[in-house]
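Reading through the structure tokens given below for one structure.
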Amino acid sequence: MMFSLLELAAILLTLSALFGWLNNKFIPLPHTIGLLVMSVVVSLIMVGIDVAVPDKHLFDALTSALLQIDFTSVVMNGMLAFLLFAGALHLDLSKLRSRAVPVAILAFFGTVISTAVVGAGLYFFALLIGHPMPLPWALVFGALISPTDPVAVLSTLKNVKVPADLEIEMQGESLFNDGVGIVLFTILVRFAAGTGEDTSALAISELLLIEAGGGVLLGLLTGYLAYQAMRLIDDYPVEVLITLALATGTYVLAQRLHVSGPLSVVAAGLLIGDRGPRYAMSERTQNYVFSLWTLIDEILNSVLFLLIGLEVLVLRFEAKSLILAAAA
């Protein structure tokens, strides 16, 4: 059965609302974590029922709906721009400046060290269980998994109390390590795939400069243009629309220019979040802009964590793959 885009949206939003209500009413967990846990549990129950009653296919409709969703496309070409922009918009840039050195160290060296540790660990464990994999591809997995998810970090920090300095370091690091992770991933894929692409120090330096540096510069440029446009008017519907255009337009343009989309929207969001309230937004506009982006953040987080949990329904594993996944 094929579902329309509206039907898919209706299914996801209805399940998010239902699970969110149940979590709020009966389970003492942060909203997004509660949604993830509940969707995983429900998915496992459905899988168990399908195994117990294989001839009934009770959940084919939901499974077919999930199979229609290209998870990578939905997250990377849809949700991510909004979620990262919302996170950066609410980040206190003055506090971030005061913790710039530890944030930079964590985002760069932390991601590199984690990539090496996870990759080497997975490689040796795969050998141990008789499911060997090439070391370069194990390191590619390390690069994929090492950047902390800014969506999860920012969502969790809303619900727990941590020292202010630690909170700003965690927020900053989670937003900036995506650029480092993307560059590491691209470099390691070149080595692993052996496609003949240049892997010299010069080529890698150029890649780093273009991906990361180009992304930040693009975000600062588009953010500054949006900021100047907002300074010239005082009309909250238009200013809200400018922020929406900034997030989507910057991310799409970054993809076209082959620079880091995540870093570009983070840079744009930081600039607007820092200078906008001081010089370009009235109090009324600030209320609408920040309230809208808080709402977008909450809704997309809910749908994203629900989707992550429901993906269990469409995944299939061998026994050794499950062991390797548990080790990872």
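Following the order of the structure tokens, chains are lettered A, B, ..., residues in each are numbered from 1, and ligands are numbered from 1.
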
- Message: Residues near Tyr227 in chain A, anyone? I mean within 8 Å using only C-alpha atoms, not counting same-chain ones fewer than 3 positions away, as a list of chain:residue names.
- Response: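 Residues meeting the cut-off are A:Gly223, A:Tyr224, A:Met230, A:Arg231, A:Ile272, A:Arg275, A:Gly276, A:Ala280.
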
- Any chance you could list, as a PyMOL selection string, the residues in range 93-303 of chain A that come up helix (DSSP H, G or I) when DSSP is run on the backbone? chain A and resi 93-98+100-128+135-145+150-157+164-193+201-231+236-257+261-280+283-303

- Item | Shortest interatomic distance to Ile299 in chain A - which of A:Leu241, A:Ala86, A:Asp70, A:Met2, counting only C-alpha atoms |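 Ranked by minimum distance to Ile299 in chain A, first place goes to A:Ala86.
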
- Message: Just want the 9 Å neighbourhood of range 325-327 of chain A, counted on only C-alpha atoms, with same-chain residues fewer than 6 positions away dropped. Output as a list in words.
- Response: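 Listing them by chain and then by number gives Gly121, Leu122 and Phe125 of chain A.
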
Would you list the contacts of range 34-48 of chain A as a short mmCIF file (atom, residue, chain, number, x, y, z; two decimals) with N, CA and C atoms, in the first residue's frame, taking every protein, DNA or RNA residue within 7 Å and counting only C-alpha atoms, but skipping same-chain residues closer than 4 positions in sequence?
data_model
loop_
_atom_site.label_atom_id
_atom_site.label_comp_id
_atom_site.auth_asym_id
_atom_site.auth_seq_id
_atom_site.Cartn_x
_atom_site.Cartn_y
_atom_site.Cartn_z
N PHE A 19 2.40 8.83 21.78
CA PHE A 19 3.51 8.38 22.63
C PHE A 19 3.94 9.49 23.58
N GLY A 20 3.92 10.74 23.08
CA GLY A 20 4.29 11.86 23.94
C GLY A 20 3.33 11.99 25.12
N ASN A 23 3.95 9.10 27.56
CA ASN A 23 5.19 9.34 28.29
C ASN A 23 4.99 10.39 29.37
N LEU A 29 10.29 10.08 31.89
CA LEU A 29 11.48 10.22 31.04
C LEU A 29 11.41 11.53 30.27
N PRO A 30 12.58 12.13 29.93
CA PRO A 30 12.55 13.30 29.04
C PRO A 30 11.79 12.97 27.76
N ALA A 52 5.45 -14.63 15.88
CA ALA A 52 4.53 -15.61 16.48
C ALA A 52 3.38 -15.96 15.54
N SER A 302 10.59 15.25 18.14
CA SER A 302 9.62 14.20 18.46
C SER A 302 9.50 13.21 17.30
N PHE A 305 12.95 11.15 16.77
CA PHE A 305 13.21 10.07 17.74
C PHE A 305 12.18 8.95 17.59
N LEU A 306 10.95 9.29 17.22
CA LEU A 306 9.96 8.26 16.93
C LEU A 306 10.40 7.41 15.75
N ILE A 308 13.43 6.92 14.62
CA ILE A 308 14.58 6.08 14.98
C ILE A 308 14.12 4.80 15.64
N GLY A 309 13.16 4.91 16.56
CA GLY A 309 12.64 3.72 17.25
C GLY A 309 11.88 2.80 16.33
N LEU A 310 11.08 3.36 15.42
CA LEU A 310 10.26 2.53 14.53
C LEU A 310 11.08 1.84 13.45
N VAL A 312 13.28 -0.15 13.75
CA VAL A 312 13.46 -1.56 14.13
C VAL A 312 12.57 -2.46 13.29
N LEU A 313 11.39 -1.95 12.91
CA LEU A 313 10.44 -2.75 12.14
C LEU A 313 10.96 -3.15 10.76
#

- Identify, on the basis of only C-alpha atoms, every residue whose closest approach to Glu211 in chain A does not exceed 9 Å; exclude the query and any residue fewer than 4 positions from it along the same chain; express the result as a list in words. Gly179, Ile182, Val183, Glu206, Leu207, Gly215, Val216, His258, Val259, Ser260, Gly261 and Leu263 of chain A

- Message: Set the distance at 9 Å and use only C-alpha atoms: which residues neighbour Leu144 in chain A once local chain neighbours fewer than 4 positions away are removed? I'd like the list as a list in words.
- Response: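 Everything that qualifies: Thr115, Leu139, Val140, Gly181, Ile182, Leu184 and Phe185 of chain A.
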
Distance query Leu221 in chain A at most 12 Å, only C-alpha atoms, self and fewer than 4 positions along chain excluded, as a PDB file with C-alpha atoms, in the first residue's frame:
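Ended up saving to result14.pdb:
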ATOM      1  CA  GLY A 214      33.658  27.174   3.298  1.00  0.00           C
ATOM      2  CA  GLY A 215      30.634  26.090   5.328  1.00  0.00           C
ATOM      3  CA  VAL A 216      31.360  28.554   8.137  1.00  0.00           C
ATOM      4  CA  LEU A 217      32.043  31.425   5.720  1.00  0.00           C
ATOM      5  CA  LEU A 225      22.588  39.408   4.909  1.00  0.00           C
ATOM      6  CA  ALA A 226      19.520  38.164   6.814  1.00  0.00           C
ATOM      7  CA  TYR A 227      20.527  40.196   9.868  1.00  0.00           C
ATOM      8  CA  GLN A 228      20.867  43.394   7.796  1.00  0.00           C
ATOM      9  CA  LEU A 246      17.881  31.579   6.061  1.00  0.00           C
ATOM     10  CA  THR A 250      21.791  28.312   3.519  1.00  0.00           C
ATOM     11  CA  LEU A 253      23.190  26.461  -1.093  1.00  0.00           C
ATOM     12  CA  ALA A 254      25.899  24.711   0.958  1.00  0.00           C
ATOM     13  CA  SER A 264      26.860  26.704   7.545  1.00  0.00           C
ATOM     14  CA  VAL A 265      23.453  26.689   9.304  1.00  0.00           C
ATOM     15  CA  ALA A 267      27.205  29.714  11.803  1.00  0.00           C
ATOM     16  CA  ALA A 268      24.116  31.509  10.455  1.00  0.00           C
ATOM     17  CA  GLY A 269      22.072  30.587  13.533  1.00  0.00           C
ATOM     18  CA  LEU A 271      25.058  35.124  14.177  1.00  0.00           C
ATOM     19  CA  ILE A 272      21.293  35.753  14.136  1.00  0.00           C
TER      20      ILE A 272
END
